[in-house]
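Content type mmCIF, C-alpha atoms and all ligand atoms, from the file structure14.cif:
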data_upload
#
loop_
_atom_site.group_PDB
_atom_site.id
_atom_site.type_symbol
_atom_site.label_atom_id
_atom_site.label_comp_id
_atom_site.auth_asym_id
_atom_site.auth_seq_id
_atom_site.Cartn_x
_atom_site.Cartn_y
_atom_site.Cartn_z
ATOM 1 C CA MET F 7 128.878 -147.036 -72.182
ATOM 2 C CA THR F 8 130.656 -148.943 -74.916
ATOM 3 C CA MET F 9 133.706 -148.012 -76.888
ATOM 4 C CA ILE F 10 133.229 -147.876 -80.630
ATOM 5 C CA TYR F 11 135.642 -147.313 -83.468
ATOM 6 C CA CYS F 12 135.386 -144.103 -85.449
ATOM 7 C CA ARG F 13 134.295 -144.894 -89.003
ATOM 8 C CA GLU F 14 136.478 -142.113 -90.319
ATOM 9 C CA CYS F 15 139.849 -142.405 -88.558
ATOM 10 C CA GLY F 16 139.523 -145.662 -86.593
ATOM 11 C CA ALA F 17 140.130 -144.070 -83.179
ATOM 12 C CA ARG F 18 138.272 -145.586 -80.236
ATOM 13 C CA HIS F 19 135.782 -143.385 -78.495
ATOM 14 C CA SER F 20 132.633 -143.645 -76.428
ATOM 15 C CA ASP F 21 129.406 -144.421 -78.242
ATOM 16 C CA LYS F 22 127.933 -141.573 -76.218
ATOM 17 C CA ALA F 23 130.219 -139.036 -77.897
ATOM 18 C CA LYS F 24 128.440 -136.855 -80.423
ATOM 19 C CA ALA F 25 131.595 -136.612 -82.502
ATOM 20 C CA CYS F 26 134.944 -138.385 -82.706
ATOM 21 C CA PRO F 27 137.343 -136.518 -80.361
ATOM 22 C CA LYS F 28 140.268 -137.188 -82.714
ATOM 23 C CA CYS F 29 138.975 -136.258 -86.161
ATOM 24 C CA GLY F 30 135.653 -134.613 -85.350
ATOM 25 C CA TYR F 31 133.617 -137.081 -87.427
ATOM 26 C CA ARG F 32 130.038 -136.666 -86.313
ATOM 27 C CA THR F 33 128.489 -139.762 -84.840
ATOM 28 C CA PHE F 34 124.775 -140.087 -84.437
ATOM 29 C CA ASP F 35 122.768 -138.732 -81.550
ATOM 30 C CA ALA F 36 123.012 -141.556 -79.015
ATOM 31 C CA SER F 37 119.775 -140.476 -77.374
ATOM 32 C CA LYS F 38 117.923 -141.607 -80.492
ATOM 33 C CA SER F 39 117.216 -145.167 -81.446
ATOM 34 C CA ILE F 40 116.911 -146.806 -84.853
ATOM 35 C CA VAL F 41 114.208 -149.041 -83.352
ATOM 36 C CA VAL F 42 112.080 -146.040 -82.366
ATOM 37 C CA TYR F 43 112.693 -144.618 -85.844
ATOM 38 C CA LEU F 44 111.449 -147.841 -87.459
ATOM 39 C CA ILE F 45 108.358 -147.985 -85.241
ATOM 40 C CA LEU F 46 107.528 -144.367 -86.051
ATOM 41 C CA ALA F 47 108.161 -144.912 -89.771
ATOM 42 C CA TRP F 48 105.882 -147.960 -89.777
ATOM 43 C CA PHE F 49 102.953 -146.615 -87.761
ATOM 44 C CA LEU F 50 103.161 -142.863 -88.289
ATOM 45 C CA GLY F 51 105.330 -142.707 -91.395
ATOM 46 C CA ILE F 52 102.712 -141.057 -93.603
ATOM 47 C CA PHE F 53 102.678 -138.094 -91.216
ATOM 48 C CA GLY F 54 106.474 -137.823 -91.343
ATOM 49 C CA ILE F 55 106.841 -138.321 -87.590
ATOM 50 C CA HIS F 56 110.048 -140.359 -88.069
ATOM 51 C CA LYS F 57 111.532 -137.443 -90.038
ATOM 52 C CA PHE F 58 110.864 -135.052 -87.165
ATOM 53 C CA TYR F 59 112.402 -137.641 -84.821
ATOM 54 C CA VAL F 60 115.746 -137.550 -86.674
ATOM 55 C CA GLY F 61 115.640 -133.784 -87.101
ATOM 56 C CA LYS F 62 114.713 -133.739 -90.812
ATOM 57 C CA THR F 63 112.006 -131.185 -90.117
ATOM 58 C CA ASN F 64 111.568 -129.971 -93.693
ATOM 59 C CA GLN F 65 110.965 -133.485 -95.019
ATOM 60 C CA GLY F 66 108.706 -134.156 -92.036
ATOM 61 C CA ILE F 67 106.550 -131.139 -92.855
ATOM 62 C CA VAL F 68 106.291 -132.202 -96.515
ATOM 63 C CA MET F 69 105.268 -135.727 -95.464
ATOM 64 C CA ALA F 70 102.767 -134.413 -92.916
ATOM 65 C CA ILE F 71 101.104 -132.251 -95.580
ATOM 66 C CA MET F 72 101.089 -135.102 -98.097
ATOM 67 C CA GLY F 73 99.776 -137.545 -95.481
ATOM 68 C CA THR F 74 96.870 -135.327 -94.464
ATOM 69 C CA ILE F 75 95.520 -132.894 -97.064
ATOM 70 C CA GLY F 76 97.452 -134.801 -99.767
ATOM 71 C CA TRP F 77 94.761 -137.484 -99.536
ATOM 72 C CA LEU F 78 92.263 -135.031 -101.034
ATOM 73 C CA LEU F 79 94.193 -135.410 -104.275
ATOM 74 C CA ILE F 80 94.749 -139.174 -103.680
ATOM 75 C CA ILE F 81 98.126 -139.315 -105.500
ATOM 76 C CA PRO F 82 100.173 -137.447 -102.823
ATOM 77 C CA GLY F 83 98.569 -139.676 -100.190
ATOM 78 C CA ILE F 84 99.631 -142.833 -102.038
ATOM 79 C CA ALA F 85 103.074 -141.331 -102.734
ATOM 80 C CA VAL F 86 103.675 -140.631 -99.054
ATOM 81 C CA CYS F 87 102.746 -144.238 -98.198
ATOM 82 C CA VAL F 88 105.405 -145.454 -100.620
ATOM 83 C CA TRP F 89 107.880 -142.873 -99.235
ATOM 84 C CA ALA F 90 107.254 -144.012 -95.647
ATOM 85 C CA LEU F 91 107.590 -147.669 -96.674
ATOM 86 C CA VAL F 92 110.900 -146.937 -98.446
ATOM 87 C CA ASP F 93 112.135 -145.116 -95.307
ATOM 88 C CA PHE F 94 111.151 -148.148 -93.246
ATOM 89 C CA ILE F 95 112.942 -150.607 -95.565
ATOM 90 C CA VAL F 96 116.052 -148.388 -95.737
ATOM 91 C CA GLY F 97 115.935 -148.223 -91.929
ATOM 92 C CA ILE F 98 115.798 -152.036 -91.673
ATOM 93 C CA CYS F 99 118.735 -152.335 -94.095
ATOM 94 C CA ASN F 100 120.761 -149.895 -91.962
ATOM 95 C CA ILE F 101 119.817 -151.324 -88.572
ATOM 96 C CA ASN F 102 123.506 -152.109 -87.916
ATOM 97 C CA THR F 103 124.701 -148.720 -89.155
ATOM 98 C CA PRO F 104 122.096 -146.450 -87.534
ATOM 99 C CA GLU F 105 124.258 -143.328 -87.856
ATOM 100 C CA LYS F 106 123.413 -143.323 -91.579
ATOM 101 C CA ILE F 107 119.762 -142.829 -90.674
ATOM 102 C CA LEU F 108 120.081 -140.834 -87.477
ATOM 103 C CA ASN F 109 122.575 -138.283 -88.784
ATOM 104 C CA LYS F 110 120.795 -135.056 -89.586
ATOM 105 C CA LYS F 111 122.565 -134.675 -92.920
HETATM 106 ZN ZN ZN G 201 137.686 -140.144 -85.896
#
Mind converting the file's structure to structure tokens?
Amino acid sequence: MTMIYCRECGARHSDKAKACPKCGYRTFDASKSIVVYLILAWFLGIFGIHKFYVGKTNQGIVMAIMGTIGWLLIIPGIAVCVWALVDFIVGICNINTPEKILNKK
């Protein structure tokens, strides 16, 4: 366990806490890892697996549809490749602030 500073109020709390005990600011789910997210986005991104991983089920379903039957129309298949790549790059850029990616919002 490590102590981290709340990004909202600056109070120290455990990195295992789901939310800041002082102000209630929601931290990310500590059971999830940005590294796993990046691996999923890279290898299985066109099926939206990384979206399911962070709880963005709706986006995951859209990506899964685009990444499978979307290929019949070619364009959605290509679009979902770009989408997954963008998610991967955004994930890399936020590797030090994983709560931006791992928050469900
Ligand atoms: Zn706080």
_List as a list in words the protein and nucleic acid residues near stretch 25-29 of chain F, meaning an atom at most 12 Å away when all atoms listed in the file are counted, but skip any in the same chain fewer than 5 places from it._
Met9, Ile10, Tyr11, Cys12, Arg13, Glu14, Cys15, Gly16, Ala17, Arg18, His19, Ser20, Phe34, Asp35, Ala36, Glu105 and Asn109 of chain F
*When the PyMOL selection byres (((chain F and resi 74-91) around 8) and not hetatm) is applied to the file above, which residues end up in the set, as a PyMOL selection string?*
chain F and resi 47-48+51-54+69-73+92-95
With all atoms of stretch 10-13 of chain F from the file as input, state the centre and edge lengths in Å to one decimal of the axis-aligned box that has 6 Å extra on each side, as JSON.
{"center_x": 134.4, "center_y": -146.0, "center_z": -84.8, "size_x": 14.4, "size_y": 15.8, "size_z": 20.4}
*Expressed in Å to a single decimal, how great is the separation between atom CA of F:Asn100 and atom CA of F:Tyr31?*
18.7 Å
*Expressed in Å to a single decimal, how great is the separation between atom CA of F:Asn102 and atom CA of F:Thr8?*
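Taking atom CA of F:Asn102 and atom CA of F:Thr8, their separation equals 15.2 Å.
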*Of the candidates F:Val96, F:Val60, F:Leu44, F:Phe49, which one gets nearest to F:Leu108 if we count all atoms listed in the file?*
F:Val60
*Find the residue from F:Gly30, F:Lys38, F:Lys24, F:Ile45 that sits nearest to F:Tyr59; use all atoms listed in the file when measuring.*
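The answer is F:Lys38, which sits nearest to F:Tyr59.
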*asked:* Just the number, please: distance in Å from atom CA of F:Lys57 to atom CA of F:Arg32, one decimal.
replied: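 Separation between atom CA of F:Lys57 and atom CA of F:Arg32: 18.9 Å.
Among the candidates F:Ile98, F:Leu50, F:Ile107, F:Ile55, the residue lying nearest to F:Ile67 is F:Ile55 (atoms considered: all atoms listed in the file).
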*Point out the residue among F:Leu46, F:Cys99, F:Ala23, F:Met7 with the least atom-to-atom distance to ligand ZN 201 (chain G), counting all atoms listed in the file.*
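Closest to ligand ZN 201 (chain G) of all the choices is F:Ala23.
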